[in-house]
$ cat protein35.tsv   # TSV, C-alpha atoms
chain	number	residue	atom	x	y	z
A	132	MET	CA	22.60	1.35	61.55
A	133	LYS	CA	20.79	0.00	58.52
A	134	PHE	CA	22.71	-2.12	56.03
A	135	GLY	CA	21.96	-3.09	52.46
A	136	VAL	CA	23.73	-5.78	50.50
A	137	VAL	CA	23.58	-5.58	46.72
A	138	VAL	CA	22.66	-8.77	44.88
A	139	PHE	CA	23.81	-9.00	41.27
A	140	PRO	CA	23.24	-12.03	39.10
A	141	GLY	CA	26.46	-13.87	39.98
A	142	SER	CA	26.98	-12.49	43.49
A	143	ASN	CA	27.93	-15.28	45.88
A	144	CYS	CA	29.08	-13.55	49.05
A	145	ASP	CA	25.90	-11.53	49.54
A	146	ARG	CA	24.40	-13.83	52.17
A	147	ASP	CA	27.68	-14.05	54.06
A	148	ALA	CA	27.78	-10.27	54.33
A	149	ALA	CA	24.13	-10.09	55.39
A	150	TYR	CA	24.77	-12.83	57.97
A	151	VAL	CA	27.45	-10.68	59.57
A	152	THR	CA	25.44	-7.46	59.73
A	153	ARG	CA	22.05	-9.00	60.54
A	154	ASP	CA	22.88	-12.05	62.64
A	155	LEU	CA	26.23	-11.28	64.22
A	156	LEU	CA	25.84	-7.52	64.68
A	157	ASN	CA	22.03	-7.43	65.06
A	158	GLN	CA	21.64	-4.55	62.63
A	159	PRO	CA	18.65	-4.24	60.29
A	160	THR	CA	19.79	-5.53	56.92
A	161	ARG	CA	18.13	-6.02	53.58
A	162	LEU	CA	19.27	-7.53	50.31
A	163	VAL	CA	19.00	-5.07	47.44
A	164	TRP	CA	18.36	-6.45	43.95
A	165	HIS	CA	20.56	-4.97	41.21
A	166	GLN	CA	17.56	-3.45	39.46
A	167	ASP	CA	16.37	-1.57	42.54
A	168	THR	CA	17.32	2.07	42.88
A	169	ASP	CA	15.77	3.21	46.15
A	170	ILE	CA	18.29	2.87	48.95
A	171	ALA	CA	17.56	6.15	50.74
A	172	ASP	CA	16.78	4.21	53.94
A	173	LEU	CA	20.26	2.68	54.16
A	174	ASP	CA	23.27	3.95	56.10
A	175	ALA	CA	25.77	1.51	54.64
A	176	ILE	CA	25.72	-0.56	51.51
A	177	VAL	CA	27.87	-3.60	50.80
A	178	VAL	CA	28.85	-4.49	47.24
A	179	PRO	CA	29.69	-8.14	47.82
A	180	GLY	CA	32.05	-10.64	46.27
A	181	GLY	CA	31.18	-12.98	43.46
A	182	PHE	CA	31.07	-12.81	39.70
A	183	SER	CA	28.60	-10.08	38.77
A	184	TYR	CA	27.13	-10.67	35.31
A	185	GLY	CA	29.53	-13.58	34.90
A	186	ASP	CA	32.54	-11.23	35.00
A	187	TYR	CA	32.20	-11.02	31.23
A	188	LEU	CA	34.40	-8.49	29.42
A	189	ARG	CA	36.20	-7.49	32.65
A	190	CYS	CA	35.39	-8.04	36.32
A	191	GLY	CA	32.84	-5.42	37.30
A	192	ALA	CA	32.64	-3.84	33.84
A	193	ILE	CA	28.98	-4.62	33.26
A	194	ALA	CA	27.89	-4.22	36.88
A	195	GLN	CA	29.00	-0.58	36.88
A	196	PHE	CA	26.02	0.25	34.65
A	197	SER	CA	23.34	-1.62	36.59
A	198	PRO	CA	20.57	0.61	37.99
A	199	ILE	CA	21.61	0.03	41.60
A	200	MET	CA	25.13	1.32	41.00
A	201	GLN	CA	23.92	4.78	40.05
A	202	ALA	CA	22.12	4.83	43.41
A	203	VAL	CA	25.26	3.57	45.16
A	204	VAL	CA	27.29	6.40	43.63
A	205	GLN	CA	24.77	8.94	44.94
A	206	HIS	CA	24.74	7.20	48.32
A	207	ALA	CA	28.54	7.59	48.44
A	208	GLN	CA	28.37	11.23	47.36
A	209	GLN	CA	26.09	11.90	50.33
A	210	GLY	CA	28.90	10.71	52.58
A	211	LYS	CA	27.19	7.44	53.48
A	212	PHE	CA	29.21	4.23	53.77
A	213	VAL	CA	30.01	1.91	50.85
A	214	LEU	CA	31.99	-1.29	51.31
A	215	GLY	CA	33.16	-3.25	48.26
A	216	ILE	CA	34.60	-6.68	48.89
A	217	CYS	CA	36.49	-8.60	46.17
A	218	ASN	CA	34.24	-8.36	43.08
A	219	GLY	CA	32.67	-5.41	44.90
A	220	PHE	CA	36.09	-3.70	44.99
A	221	GLN	CA	36.47	-4.32	41.25
A	222	ILE	CA	33.03	-2.79	40.64
A	223	LEU	CA	33.83	0.28	42.77
A	224	THR	CA	36.95	0.97	40.68
A	225	GLU	CA	35.03	0.46	37.43
A	226	VAL	CA	32.32	2.87	38.49
A	227	GLY	CA	34.92	5.42	39.57
A	228	LEU	CA	34.22	5.55	43.31
A	229	LEU	CA	37.78	4.33	43.91
A	230	PRO	CA	40.86	4.97	41.76
A	231	GLY	CA	42.88	2.34	39.89
A	232	ALA	CA	41.90	-1.08	38.60
A	233	LEU	CA	42.24	-4.75	39.46
A	234	VAL	CA	44.02	-6.93	36.89
A	235	ARG	CA	45.03	-10.58	36.54
A	236	ASN	CA	47.13	-11.94	39.39
A	237	ARG	CA	50.82	-11.80	38.58
A	238	ASP	CA	51.26	-15.59	38.61
A	239	LEU	CA	47.98	-16.30	36.77
A	240	HIS	CA	46.70	-18.44	39.65
A	241	PHE	CA	43.34	-18.09	41.26
A	242	ILE	CA	44.42	-17.61	44.87
A	243	CYS	CA	42.31	-19.17	47.60
A	244	ASP	CA	44.08	-18.83	50.90
A	245	ARG	CA	44.31	-17.06	54.23
A	246	VAL	CA	46.84	-14.28	54.17
A	247	PRO	CA	48.32	-11.93	56.74
A	248	LEU	CA	47.51	-8.26	56.23
A	249	LYS	CA	48.86	-5.17	57.87
A	250	VAL	CA	46.33	-2.58	59.01
A	251	GLU	CA	48.01	0.59	57.82
A	252	ASN	CA	45.79	3.43	58.92
A	253	THR	CA	43.47	3.22	61.89
A	254	GLN	CA	42.11	6.75	61.55
A	255	SER	CA	39.36	5.61	59.18
A	256	PRO	CA	35.85	4.50	60.19
A	257	TRP	CA	36.67	1.05	58.78
A	258	THR	CA	39.83	0.37	60.72
A	259	GLN	CA	39.41	2.20	64.00
A	260	ALA	CA	38.78	-1.01	65.91
A	261	TYR	CA	42.27	-2.24	65.04
A	262	THR	CA	45.59	-1.05	66.43
A	263	PRO	CA	48.05	0.71	64.13
A	264	GLY	CA	50.30	-1.79	62.36
A	265	GLU	CA	48.23	-4.73	63.59
A	266	ILE	CA	48.60	-7.89	61.55
A	267	ILE	CA	45.32	-9.67	60.86
A	268	THR	CA	44.64	-12.77	58.78
A	269	LEU	CA	41.78	-12.77	56.28
A	270	PRO	CA	40.69	-15.18	53.54
A	271	VAL	CA	41.31	-14.22	49.92
A	272	ALA	CA	39.76	-15.84	46.85
A	273	HIS	CA	40.43	-14.07	43.59
A	274	GLY	CA	41.95	-14.40	40.14
A	275	GLU	CA	42.08	-10.70	39.33
A	276	GLY	CA	43.20	-9.01	42.51
A	277	CYS	CA	46.38	-7.32	41.35
A	278	TYR	CA	45.92	-3.65	42.15
A	279	HIS	CA	47.12	-1.28	39.46
A	280	ALA	CA	47.17	2.52	39.28
A	281	ASP	CA	49.43	5.06	37.63
A	282	ALA	CA	52.37	6.45	39.62
A	283	GLU	CA	50.62	9.71	40.45
A	284	THR	CA	47.45	8.00	41.75
A	285	LEU	CA	49.56	5.60	43.77
A	286	ALA	CA	51.54	8.43	45.36
A	287	ASP	CA	48.27	10.22	46.16
A	288	LEU	CA	46.85	7.14	47.87
A	289	GLU	CA	49.96	6.73	50.00
A	290	ASP	CA	50.26	10.42	50.87
A	291	ASN	CA	46.61	10.67	51.91
A	292	GLY	CA	46.71	7.52	54.02
A	293	GLN	CA	44.13	5.85	51.79
A	294	VAL	CA	45.88	2.48	51.83
A	295	LEU	CA	44.13	0.76	54.72
A	296	PHE	CA	45.26	-2.84	54.22
A	297	ARG	CA	48.49	-4.18	52.78
A	298	TYR	CA	49.54	-7.79	52.12
A	299	GLU	CA	52.41	-8.79	54.37
A	300	THR	CA	53.93	-10.78	51.51
A	301	PRO	CA	53.37	-10.16	47.79
A	302	ILE	CA	50.65	-12.62	46.77
A	303	ASN	CA	49.25	-11.29	43.52
A	304	GLY	CA	51.54	-8.57	42.21
A	305	SER	CA	49.53	-5.66	43.63
A	306	LEU	CA	51.46	-2.39	43.46
A	307	ASN	CA	52.82	-1.52	46.92
A	308	ASN	CA	51.15	-4.76	48.10
A	309	ILE	CA	47.84	-2.94	48.30
A	310	ALA	CA	44.96	-5.09	49.54
A	311	GLY	CA	42.41	-2.39	50.37
A	312	ILE	CA	41.98	1.34	49.84
A	313	CYS	CA	39.44	3.99	50.73
A	314	ASN	CA	38.44	7.15	48.92
A	315	LYS	CA	39.72	10.53	50.03
A	316	GLN	CA	36.66	11.22	52.18
A	317	GLY	CA	37.05	7.81	53.83
A	318	ASN	CA	33.44	6.66	53.44
A	319	VAL	CA	34.10	4.24	50.56
A	320	LEU	CA	36.29	1.18	51.11
A	321	GLY	CA	37.31	-1.46	48.60
A	322	MET	CA	39.30	-4.56	49.53
A	323	MET	CA	40.13	-7.89	47.92
A	324	PRO	CA	40.28	-9.97	51.16
A	325	HIS	CA	37.00	-11.15	52.70
A	326	PRO	CA	36.36	-9.79	56.22
A	327	GLU	CA	32.86	-11.31	56.17
A	328	ARG	CA	34.39	-14.78	55.96
A	329	ALA	CA	36.34	-14.19	59.16
A	330	ALA	CA	33.64	-12.84	61.44
A	331	ASP	CA	32.05	-15.87	63.10
A	332	PRO	CA	34.05	-17.79	65.73
A	333	LEU	CA	32.55	-20.99	64.30
A	334	LEU	CA	34.61	-20.41	61.15
A	335	GLY	CA	37.86	-20.23	63.04
A	336	SER	CA	38.67	-16.54	62.86
A	337	THR	CA	37.12	-13.27	63.88
A	338	ASP	CA	39.82	-10.99	62.50
A	339	GLY	CA	37.35	-9.48	60.05
A	340	ILE	CA	34.58	-8.48	62.44
A	341	GLY	CA	36.59	-5.50	63.69
A	342	LEU	CA	35.96	-3.79	60.38
A	343	PHE	CA	32.19	-3.96	60.87
A	344	ARG	CA	32.41	-3.05	64.55
A	345	GLY	CA	34.57	-0.06	63.69
A	346	LEU	CA	31.96	1.05	61.22
A	347	LEU	CA	29.18	0.82	63.82
A	348	ALA	CA	31.25	2.86	66.25
A	349	ALA	CA	31.89	5.45	63.54
A	350	ALA	CA	28.19	5.69	62.79
A	351	GLU	CA	27.39	6.29	66.46
A	352	THR	CA	29.97	9.03	66.73
A	353	ARG	CA	28.57	10.60	63.61
A	354	LEU	CA	25.05	10.50	65.03
A	355	PHE	CA	26.22	12.24	68.19
A	356	THR	CA	28.04	14.93	66.27
A	357	THR	CA	25.03	15.72	64.10
A	358	VAL	CA	22.57	15.90	67.01
B	248	MET	CA	19.37	6.98	5.74
B	249	SER	CA	21.18	4.78	8.17
B	250	ARG	CA	24.00	2.58	6.97
B	251	LYS	CA	25.37	-0.60	8.43
B	252	TYR	CA	28.93	-0.94	9.58
B	253	GLN	CA	31.08	-3.73	10.88
B	254	ALA	CA	33.64	-2.77	13.49
B	255	GLN	CA	36.71	-4.70	14.59
B	256	ILE	CA	37.84	-3.52	17.99
B	257	TYR	CA	41.18	-4.32	19.59
B	258	VAL	CA	41.57	-3.78	23.32
B	259	THR	CA	45.09	-4.09	24.69
B	260	LEU	CA	46.63	-3.61	28.10
B	261	ARG	CA	48.52	-0.35	28.38
B	262	PRO	CA	52.29	-0.87	28.09
B	263	SER	CA	52.80	-0.08	31.78
B	264	VAL	CA	50.43	-2.83	32.93
B	265	LEU	CA	51.87	-6.25	33.67
B	266	ASP	CA	50.49	-8.89	31.29
B	267	PRO	CA	51.21	-12.21	33.01
B	268	ALA	CA	49.35	-14.21	30.33
B	269	GLY	CA	51.57	-12.65	27.65
B	270	VAL	CA	54.68	-13.45	29.66
B	271	ALA	CA	53.57	-17.09	30.07
B	272	VAL	CA	52.88	-17.45	26.35
B	273	ALA	CA	56.22	-15.86	25.48
B	274	SER	CA	58.03	-18.41	27.63
B	275	GLY	CA	55.97	-21.20	26.00
B	276	LEU	CA	57.05	-20.03	22.55
B	277	LYS	CA	60.66	-19.93	23.68
B	278	GLN	CA	60.37	-23.48	24.96
B	279	LEU	CA	59.18	-24.45	21.50
B	280	GLY	CA	62.38	-23.03	20.15
B	281	TYR	CA	61.17	-19.66	18.93
B	282	GLU	CA	64.09	-17.73	20.35
B	283	SER	CA	63.23	-14.82	18.06
B	284	VAL	CA	60.20	-13.88	20.19
B	285	GLU	CA	60.97	-10.72	22.11
B	286	GLY	CA	57.67	-10.14	23.81
B	287	VAL	CA	53.99	-11.14	23.80
B	288	ARG	CA	51.02	-9.01	24.84
B	289	ILE	CA	47.56	-10.52	24.90
B	290	GLY	CA	44.48	-8.40	24.33
B	291	LYS	CA	40.83	-8.73	23.35
B	292	TYR	CA	39.24	-8.69	19.94
B	293	ILE	CA	35.62	-7.62	19.64
B	294	GLU	CA	33.48	-7.72	16.50
B	295	LEU	CA	30.48	-5.48	16.51
B	296	SER	CA	27.95	-4.45	13.90
B	297	LEU	CA	26.04	-1.20	14.17
B	298	SER	CA	23.95	1.19	12.18
B	299	ALA	CA	24.94	4.83	11.82
B	300	GLU	CA	24.26	7.87	9.67
B	301	SER	CA	27.80	8.00	8.38
B	302	GLU	CA	31.25	6.62	8.98
B	303	ALA	CA	32.03	9.62	11.19
B	304	ASP	CA	28.91	8.95	13.26
B	305	ALA	CA	29.86	5.27	13.57
B	306	LYS	CA	33.33	6.23	14.79
B	307	THR	CA	31.92	8.65	17.35
B	308	GLN	CA	29.61	5.96	18.67
B	309	LEU	CA	32.42	3.41	18.83
B	310	ASP	CA	34.72	5.79	20.68
B	311	ARG	CA	32.08	6.29	23.34
B	312	MET	CA	31.35	2.57	23.63
B	313	CYS	CA	35.04	1.84	24.07
B	314	ASP	CA	35.54	4.59	26.64
B	315	GLN	CA	32.45	3.67	28.65
B	316	LEU	CA	32.48	-0.10	28.65
B	317	LEU	CA	34.55	-2.07	26.15
B	318	ALA	CA	37.88	-0.84	27.49
B	319	ASN	CA	38.90	0.43	30.91
B	320	PRO	CA	41.04	3.51	30.18
B	321	VAL	CA	42.85	3.06	33.50
B	322	ILE	CA	44.55	-0.10	32.27
B	323	GLU	CA	43.68	-0.53	28.60
B	324	ASN	CA	44.09	1.11	25.19
B	325	TYR	CA	41.82	0.47	22.23
B	326	ARG	CA	41.69	0.96	18.50
B	327	PHE	CA	39.18	-0.08	15.90
B	328	GLU	CA	38.66	-0.47	12.18
B	329	ILE	CA	35.31	-0.15	10.51
B	330	ALA	CA	33.94	-1.18	7.16
B	331	GLU	CA	30.57	-0.42	5.63
B	332	LEU	CA	28.46	-3.48	5.02
B	333	ALA	CA	26.83	-3.83	1.62
B	334	ALA	CA	23.15	-2.87	1.87
B	335	SER	CA	20.88	-5.85	1.67
B	336	VAL	CA	18.53	-5.71	-1.29
$ encode --input "protein35.tsv" --output "structure tokens"
Amino acid sequence: MKFGVVVFPGSNCDRDAAYVTRDLLNQPTRLVWHQDTDIADLDAIVVPGGFSYGDYLRCGAIAQFSPIMQAVVQHAQQGKFVLGICNGFQILTEVGLLPGALVRNRDLHFICDRVPLKVENTQSPWTQAYTPGEIITLPVAHGEGCYHADAETLADLEDNGQVLFRYETPINGSLNNIAGICNKQGNVLGMMPHPERAADPLLGSTDGIGLFRGLLAAAETRLFTTV
Amino acid sequence: MSRKYQAQIYVTLRPSVLDPAGVAVASGLKQLGYESVEGVRIGKYIELSLSAESEADAKTQLDRMCDQLLANPVIENYRFEIAELAASV
């Protein structure tokens, strides 16, 4: 499975994501500059955390119009995998691949912590390596991670099982304690916590690697079904 | 002939969106003794100059800019005022 990791000016979790897919999972991985547009060779693309374009105006507002994002939207429309982590999640909502928006944390603090999350739906490619209701602990580091959507969108997300991760305790004011959601088709995931920072045993936790392993397993199944 | 306009754009959080910064400032004002303050909402103010064929054209352009980038319609409302700049001689 071939991975790409987008690099915006201001990305700072790009190498961490590439380390997971290339070094821990042994999958071909390349960094994709924000001005590139050819990602036809990739199976999955990661929109990493950081502060794209300085987070000016709003988080992710300017990144949504970078050349690479138009390619990422097409990539998603083809049913290929897109993972947005933290700033990547904000960008995916701005560009319209995921519903809702991320706003300032309720208590105005930048939160840098490890928080328990509940894995809500294990029927998705992203979460199939976990058990239903499993509690995992992942690092979070964000100032604008409060998930907001109108009542109808929120009800849709819940009814369709698109809420994949939920904070065990309210940390930032997110509606329904939402920490991560996928699109209706299930191939696009956005989450504020950082699975890539909990993937190497050297860093004290491997709770996040399941997400990537689940994705690999999903890709294999998909290959078999298309053959 | 194209004319020059100055736009003043106000972007505010929609009423349904929590504005923690506004809440914090409201409590600060109360601590200062301004008990009359009933609520504070904090938004963004953007000044922009542009050229356009007419005021209507300028407004059309500004609407699109606000919808596409300056505001996020999911969480924000916007309004703007424009004024024609005197032509430089």
$ interface_residues --input "protein35.tsv" --of "chain A" --to "chain B" --cutoff "12 Å" --atoms "only C-alpha atoms" --output "mmCIF file with C-alpha atoms, in the coordinates of the input"
data_model
loop_
_atom_site.group_PDB
_atom_site.id
_atom_site.type_symbol
_atom_site.label_atom_id
_atom_site.label_comp_id
_atom_site.auth_asym_id
_atom_site.auth_seq_id
_atom_site.Cartn_x
_atom_site.Cartn_y
_atom_site.Cartn_z
ATOM 1 C CA TYR A 187 32.200 -11.020 31.230
ATOM 2 C CA LEU A 188 34.400 -8.490 29.420
ATOM 3 C CA ARG A 189 36.200 -7.490 32.650
ATOM 4 C CA CYS A 190 35.390 -8.040 36.320
ATOM 5 C CA GLY A 191 32.840 -5.420 37.300
ATOM 6 C CA ALA A 192 32.640 -3.840 33.840
ATOM 7 C CA ILE A 193 28.980 -4.620 33.260
ATOM 8 C CA ALA A 194 27.890 -4.220 36.880
ATOM 9 C CA GLN A 195 29.000 -0.580 36.880
ATOM 10 C CA PHE A 196 26.020 0.250 34.650
ATOM 11 C CA GLN A 221 36.470 -4.320 41.250
ATOM 12 C CA ILE A 222 33.030 -2.790 40.640
ATOM 13 C CA THR A 224 36.950 0.970 40.680
ATOM 14 C CA GLU A 225 35.030 0.460 37.430
ATOM 15 C CA VAL A 226 32.320 2.870 38.490
ATOM 16 C CA GLY A 227 34.920 5.420 39.570
ATOM 17 C CA LEU A 229 37.780 4.330 43.910
ATOM 18 C CA PRO A 230 40.860 4.970 41.760
ATOM 19 C CA GLY A 231 42.880 2.340 39.890
ATOM 20 C CA ALA A 232 41.900 -1.080 38.600
ATOM 21 C CA LEU A 233 42.240 -4.750 39.460
ATOM 22 C CA VAL A 234 44.020 -6.930 36.890
ATOM 23 C CA ARG A 235 45.030 -10.580 36.540
ATOM 24 C CA ASN A 236 47.130 -11.940 39.390
ATOM 25 C CA ARG A 237 50.820 -11.800 38.580
ATOM 26 C CA ASP A 238 51.260 -15.590 38.610
ATOM 27 C CA LEU A 239 47.980 -16.300 36.770
ATOM 28 C CA HIS A 240 46.700 -18.440 39.650
ATOM 29 C CA GLY A 274 41.950 -14.400 40.140
ATOM 30 C CA GLU A 275 42.080 -10.700 39.330
ATOM 31 C CA CYS A 277 46.380 -7.320 41.350
ATOM 32 C CA TYR A 278 45.920 -3.650 42.150
ATOM 33 C CA HIS A 279 47.120 -1.280 39.460
ATOM 34 C CA ALA A 280 47.170 2.520 39.280
ATOM 35 C CA ASP A 281 49.430 5.060 37.630
ATOM 36 C CA ALA A 282 52.370 6.450 39.620
ATOM 37 C CA THR A 284 47.450 8.000 41.750
ATOM 38 C CA ASN A 303 49.250 -11.290 43.520
ATOM 39 C CA GLY A 304 51.540 -8.570 42.210
ATOM 40 C CA SER A 305 49.530 -5.660 43.630
ATOM 41 C CA LEU A 306 51.460 -2.390 43.460
#
$ atom_distance --input "protein35.tsv" --atom1 "CA of Glu328 in chain B" --atom2 "CA of Tyr257 in chain B"
8.7 Å
$ residues_around --input "protein35.tsv" --residues "Glu282 in chain B" --least-positions-apart "6" --cutoff "10 Å" --atoms "all atoms listed in the file" --output "MDAnalysis selection string"
chainID B and resid 273:274 276
$ atom_distance --input "protein35.tsv" --atom1 "CA of Gly276 in chain A" --atom2 "CA of Cys217 in chain A"
7.7 Å
$ residues_around --input "protein35.tsv" --residues "range 142-159 of chain A" --least-positions-apart "6" --cutoff "9 Å" --atoms "all atoms listed in the file" --output "list in words"
Met132, Lys133, Phe134, Gly135, Val136, Val177, Val178, Pro179, Gly180, Gly181, Phe182, Ser183, Tyr184, Ile216, Asn218, Pro326, Glu327, Arg328, Ala330, Asp331, Ile340, Phe343 and Arg344 of chain A
$ atom_distance --input "protein35.tsv" --atom1 "CA of Ile267 in chain A" --atom2 "CA of Asp338 in chain A"
5.9 Å
$ closest_residue --input "protein35.tsv" --among "A:Asp186, A:Asp174, A:Asp244, A:Asp169" --to "Ile199 in chain A" --atoms "all atoms listed in the file"
A:Asp169
$ residues_near_point --input "protein35.tsv" --point "(32.2, 1.3, 7.7)" --cutoff "7 Å" --atoms "all atoms listed in the file" --output "list in words"
Tyr252, Gln253, Glu302, Ile329, Ala330, Glu331 and Leu332 of chain B
$ residues_around --input "protein35.tsv" --residues "range 309-315 of chain A" --least-positions-apart "5" --cutoff "8 Å" --atoms "only C-alpha atoms" --output "ChimeraX atom specification"
/A:228-230,248,278,288,291,293-298,320-324
$ residues_around --input "protein35.tsv" --residues "Glu294 in chain B" --least-positions-apart "4" --cutoff "8 Å" --atoms "all atoms listed in the file" --output "ChimeraX atom specification"
/B:253-256
$ closest_residue --input "protein35.tsv" --among "A:Gly264, A:Ala171, A:His273, A:Leu334" --to "Gln205 in chain A" --atoms "all atoms listed in the file"
A:Ala171
$ residues_around --input "protein35.tsv" --residues "Ser249 in chain B" --least-positions-apart "2" --cutoff "8 Å" --atoms "only C-alpha atoms" --output "count of residues only"
5
$ closest_residue --input "protein35.tsv" --among "A:Pro140, A:Gly339, A:Leu347, A:Gln201" --to "Tyr261 in chain A" --atoms "all atoms listed in the file"
A:Gly339
$ axis_aligned_box --input "protein35.tsv" --around "range 300-319 of chain B" --padding-each-side "4 Å" --output "lines of an AutoDock Vina configuration file"
center_x = 31.6
center_y = 3.8
center_z = 19.6
size_x = 22.6
size_y = 19.7
size_z = 30.5
$ decode --input "protein35.tsv" --residues "range 316-323 of chain B" --atoms "all heavy atoms" --output "PDB file, in the first residue's frame"
ATOM      1  N   LEU B 316     -13.594  32.009   1.260  1.00  0.00           N
ATOM      2  CA  LEU B 316     -12.399  31.993   2.100  1.00  0.00           C
ATOM      3  C   LEU B 316     -12.512  32.817   3.383  1.00  0.00           C
ATOM      4  O   LEU B 316     -12.163  32.339   4.462  1.00  0.00           O
ATOM      5  CB  LEU B 316     -11.196  32.506   1.289  1.00  0.00           C
ATOM      6  CG  LEU B 316      -9.880  32.641   2.054  1.00  0.00           C
ATOM      7  CD1 LEU B 316      -9.387  31.301   2.577  1.00  0.00           C
ATOM      8  CD2 LEU B 316      -8.794  33.267   1.174  1.00  0.00           C
ATOM      9  N   LEU B 317     -13.010  34.055   3.279  1.00  0.00           N
ATOM     10  CA  LEU B 317     -12.898  34.952   4.437  1.00  0.00           C
ATOM     11  C   LEU B 317     -13.750  34.495   5.614  1.00  0.00           C
ATOM     12  O   LEU B 317     -13.399  34.702   6.767  1.00  0.00           O
ATOM     13  CB  LEU B 317     -13.250  36.383   4.021  1.00  0.00           C
ATOM     14  CG  LEU B 317     -12.347  36.950   2.917  1.00  0.00           C
ATOM     15  CD1 LEU B 317     -12.754  38.373   2.564  1.00  0.00           C
ATOM     16  CD2 LEU B 317     -10.879  36.927   3.343  1.00  0.00           C
ATOM     17  N   ALA B 318     -14.881  33.875   5.309  1.00  0.00           N
ATOM     18  CA  ALA B 318     -15.716  33.326   6.377  1.00  0.00           C
ATOM     19  C   ALA B 318     -15.967  31.855   6.087  1.00  0.00           C
ATOM     20  O   ALA B 318     -15.935  31.434   4.936  1.00  0.00           O
ATOM     21  CB  ALA B 318     -17.044  34.070   6.445  1.00  0.00           C
ATOM     22  N   ASN B 319     -16.186  31.079   7.129  1.00  0.00           N
ATOM     23  CA  ASN B 319     -16.595  29.688   6.966  1.00  0.00           C
ATOM     24  C   ASN B 319     -18.089  29.623   7.268  1.00  0.00           C
ATOM     25  O   ASN B 319     -18.482  29.736   8.425  1.00  0.00           O
ATOM     26  CB  ASN B 319     -15.805  28.792   7.921  1.00  0.00           C
ATOM     27  CG  ASN B 319     -16.248  27.340   7.833  1.00  0.00           C
ATOM     28  OD1 ASN B 319     -17.251  27.023   7.200  1.00  0.00           O
ATOM     29  ND2 ASN B 319     -15.506  26.456   8.474  1.00  0.00           N
ATOM     30  N   PRO B 320     -18.930  29.464   6.254  1.00  0.00           N
ATOM     31  CA  PRO B 320     -20.381  29.527   6.455  1.00  0.00           C
ATOM     32  C   PRO B 320     -20.911  28.499   7.456  1.00  0.00           C
ATOM     33  O   PRO B 320     -22.010  28.666   7.969  1.00  0.00           O
ATOM     34  CB  PRO B 320     -20.942  29.254   5.057  1.00  0.00           C
ATOM     35  CG  PRO B 320     -19.806  29.398   4.116  1.00  0.00           C
ATOM     36  CD  PRO B 320     -18.552  29.178   4.875  1.00  0.00           C
ATOM     37  N   VAL B 321     -20.126  27.465   7.731  1.00  0.00           N
ATOM     38  CA  VAL B 321     -20.576  26.467   8.714  1.00  0.00           C
ATOM     39  C   VAL B 321     -20.659  27.083  10.109  1.00  0.00           C
ATOM     40  O   VAL B 321     -21.525  26.746  10.911  1.00  0.00           O
ATOM     41  CB  VAL B 321     -19.625  25.253   8.727  1.00  0.00           C
ATOM     42  CG1 VAL B 321     -19.996  24.259   9.822  1.00  0.00           C
ATOM     43  CG2 VAL B 321     -19.626  24.567   7.375  1.00  0.00           C
ATOM     44  N   ILE B 322     -19.755  27.996  10.404  1.00  0.00           N
ATOM     45  CA  ILE B 322     -19.700  28.538  11.772  1.00  0.00           C
ATOM     46  C   ILE B 322     -19.782  30.058  11.823  1.00  0.00           C
ATOM     47  O   ILE B 322     -19.936  30.628  12.902  1.00  0.00           O
ATOM     48  CB  ILE B 322     -18.383  28.110  12.485  1.00  0.00           C
ATOM     49  CG1 ILE B 322     -17.176  28.301  11.555  1.00  0.00           C
ATOM     50  CG2 ILE B 322     -18.470  26.683  12.994  1.00  0.00           C
ATOM     51  CD1 ILE B 322     -15.835  28.212  12.247  1.00  0.00           C
ATOM     52  N   GLU B 323     -19.680  30.730  10.665  1.00  0.00           N
ATOM     53  CA  GLU B 323     -19.577  32.184  10.713  1.00  0.00           C
ATOM     54  C   GLU B 323     -20.582  32.879   9.789  1.00  0.00           C
ATOM     55  O   GLU B 323     -20.956  32.355   8.739  1.00  0.00           O
ATOM     56  CB  GLU B 323     -18.158  32.628  10.319  1.00  0.00           C
ATOM     57  CG  GLU B 323     -17.099  32.227  11.332  1.00  0.00           C
ATOM     58  CD  GLU B 323     -15.677  32.422  10.822  1.00  0.00           C
ATOM     59  OE1 GLU B 323     -15.435  32.268   9.600  1.00  0.00           O
ATOM     60  OE2 GLU B 323     -14.807  32.706  11.648  1.00  0.00           O
TER      61      GLU B 323
END
